[in-house]
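target05.cif follows; it contains mmCIF, C-alpha atoms.
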data_data
#
loop_
_atom_site.group_PDB
_atom_site.id
_atom_site.type_symbol
_atom_site.label_atom_id
_atom_site.label_comp_id
_atom_site.auth_asym_id
_atom_site.auth_seq_id
_atom_site.Cartn_x
_atom_site.Cartn_y
_atom_site.Cartn_z
ATOM 1 C CA MET A 1 -9.731 -7.631 14.036
ATOM 2 C CA GLY A 2 -10.537 -4.728 16.329
ATOM 3 C CA LEU A 3 -8.379 -1.892 17.585
ATOM 4 C CA SER A 4 -8.110 -3.663 20.968
ATOM 5 C CA ASP A 5 -6.384 -6.552 19.141
ATOM 6 C CA ILE A 6 -3.700 -4.162 17.908
ATOM 7 C CA VAL A 7 -3.061 -1.844 20.863
ATOM 8 C CA SER A 8 -2.966 -2.488 24.574
ATOM 9 C CA PRO A 9 -6.177 -1.477 26.404
ATOM 10 C CA ASN A 10 -4.292 1.040 28.580
ATOM 11 C CA THR A 11 -2.862 2.882 25.562
ATOM 12 C CA ARG A 12 -3.888 6.537 25.475
ATOM 13 C CA LEU A 13 -4.688 7.412 21.879
ATOM 14 C CA PRO A 14 -5.624 10.887 20.641
ATOM 15 C CA ARG A 15 -9.356 11.263 20.147
ATOM 16 C CA SER A 16 -12.221 13.579 19.449
ATOM 17 C CA VAL A 17 -15.806 13.235 20.605
ATOM 18 C CA SER A 18 -16.552 10.779 17.793
ATOM 19 C CA SER A 19 -13.210 9.335 16.655
ATOM 20 C CA ILE A 20 -10.004 7.679 17.826
ATOM 21 C CA TRP A 21 -6.980 8.860 15.848
ATOM 22 C CA TRP A 22 -4.882 5.732 16.063
ATOM 23 C CA GLY A 23 -3.281 5.282 12.662
ATOM 24 C CA GLY A 24 -0.926 6.819 10.164
ATOM 25 C CA LYS A 25 -0.105 5.878 6.596
ATOM 26 C CA HIS A 26 -0.498 2.104 6.502
ATOM 27 C CA TYR A 27 0.976 0.091 3.640
ATOM 28 C CA ILE A 28 1.398 -3.413 2.272
ATOM 29 C CA ASP A 29 4.852 -4.988 2.355
ATOM 30 C CA GLU A 30 4.519 -7.085 -0.811
ATOM 31 C CA LYS A 31 7.896 -8.789 -0.374
ATOM 32 C CA ASN A 32 6.959 -10.264 3.028
ATOM 33 C CA LEU A 33 3.190 -10.487 2.382
ATOM 34 C CA GLN A 34 2.407 -8.289 5.360
ATOM 35 C CA LEU A 35 0.096 -5.403 6.125
ATOM 36 C CA VAL A 36 2.043 -2.754 8.035
ATOM 37 C CA LEU A 37 -0.139 -0.660 10.313
ATOM 38 C CA LYS A 38 1.362 2.622 11.491
ATOM 39 C CA VAL A 39 -0.073 2.871 15.015
ATOM 40 C CA VAL A 40 0.285 5.918 17.263
ATOM 41 C CA SER A 41 2.765 5.157 20.034
ATOM 42 C CA LYS A 42 3.307 8.644 21.430
ATOM 43 C CA CYS A 43 1.327 11.838 21.030
ATOM 44 C CA SER A 44 0.889 15.217 22.659
ATOM 45 C CA ASN A 45 -2.867 15.514 21.966
ATOM 46 C CA SER A 46 -2.154 18.796 20.172
ATOM 47 C CA PRO A 47 -3.390 19.007 16.575
ATOM 48 C CA ASP A 48 -0.193 20.924 15.701
ATOM 49 C CA ASP A 49 2.179 18.100 16.756
ATOM 50 C CA GLU A 50 2.757 15.020 14.612
ATOM 51 C CA PRO A 51 2.470 11.805 16.669
ATOM 52 C CA GLU A 52 5.127 9.098 16.686
ATOM 53 C CA TYR A 53 4.205 5.753 15.145
ATOM 54 C CA LYS A 54 5.264 2.134 15.588
ATOM 55 C CA ASP A 55 4.816 -0.606 13.021
ATOM 56 C CA VAL A 56 2.406 -3.423 13.731
ATOM 57 C CA ARG A 57 2.650 -6.143 11.133
ATOM 58 C CA VAL A 58 -0.138 -8.497 10.101
ATOM 59 C CA ASP A 59 0.580 -11.641 8.078
ATOM 60 C CA LEU A 60 -1.581 -11.463 4.940
ATOM 61 C CA THR A 61 -1.609 -15.228 4.443
ATOM 62 C CA GLY A 62 -3.144 -16.024 7.833
ATOM 63 C CA GLY A 63 -4.204 -12.724 9.401
ATOM 64 C CA GLU A 64 -2.089 -13.108 12.553
ATOM 65 C CA LEU A 65 -0.279 -10.241 14.232
ATOM 66 C CA ILE A 66 3.467 -10.626 13.788
ATOM 67 C CA LYS A 67 4.501 -7.972 16.311
ATOM 68 C CA ALA A 68 3.236 -7.549 19.858
ATOM 69 C CA ARG A 69 0.584 -4.955 20.535
ATOM 70 C CA VAL A 70 1.714 -1.358 20.819
ATOM 71 C CA VAL A 71 1.845 0.134 24.296
ATOM 72 C CA ALA A 72 2.086 3.908 24.490
ATOM 73 C CA GLU A 73 4.890 5.363 26.577
#
Using structure tokens, write down the structure that the file contains.
Amino acid sequence: MGLSDIVSPNTRLPRSVSSIWWGGKHYIDEKNLQLVLKVVSKCSNSPDDEPEYKDVRVDLTGGELIKARVVAE
């Protein structure tokens, strides 16, 4: 699964010359057997400001996205 499978192509994510800073502290929801990706949904592009994140859930039994792709506001 690539980043374009998780976020909409028109989403503006913070980046450097060599990296896209798209994620936060991801975790596994053991109760629901899901990977929870913390994906940037809003950012100021300032290194001093913490971005806002939205959860994107992936079913661990089949690998499908459970929530729609994140679109930045």
field: Minimum-distance residue to Glu64 in chain A, chosen among A:Asp29, A:Ser4, A:Thr11, A:Gln34 (using all atoms listed in the file)
entry: A:Gln34
Contact residues around Gly24 in chain A with only C-alpha atoms at 8 Å, ignoring same-chain residues under 4 positions, as a list in words: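 In the requested format, the answer is Leu37, Lys38, Val39, Val40 and Tyr53 of chain A.
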field: Residues returned when the PyMOL selection byres ((chain A and resi 7) around 12) runs on this file, as a PyMOL selection string
entry: chain A and resi 1-6+8-13+22-23+37-41+53-56+65+67-72
task: Pick out the closest residue to Ile66 in chain A from this set: A:Trp21, A:Val36, A:Arg15, A:Ile28. Count all atoms listed in the file.
output: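 Closest residue, counting all atoms listed in the file: A:Val36.
CA of His26 in chain A sits 13.6 Å away from CA of Glu52 in chain A.
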task: Could you tell me how far CA of Leu33 in chain A lies from CA of Glu50 in chain A, in Å and to one decimal?
output: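 Spanning CA of Leu33 in chain A to CA of Glu50 in chain A is a straight-line distance of 28.3 Å.
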- request: Between CA of Lys31 in chain A and CA of Gly62 in chain A, measure the distance and give it in Å to one decimal.
  value: 15.5 Å
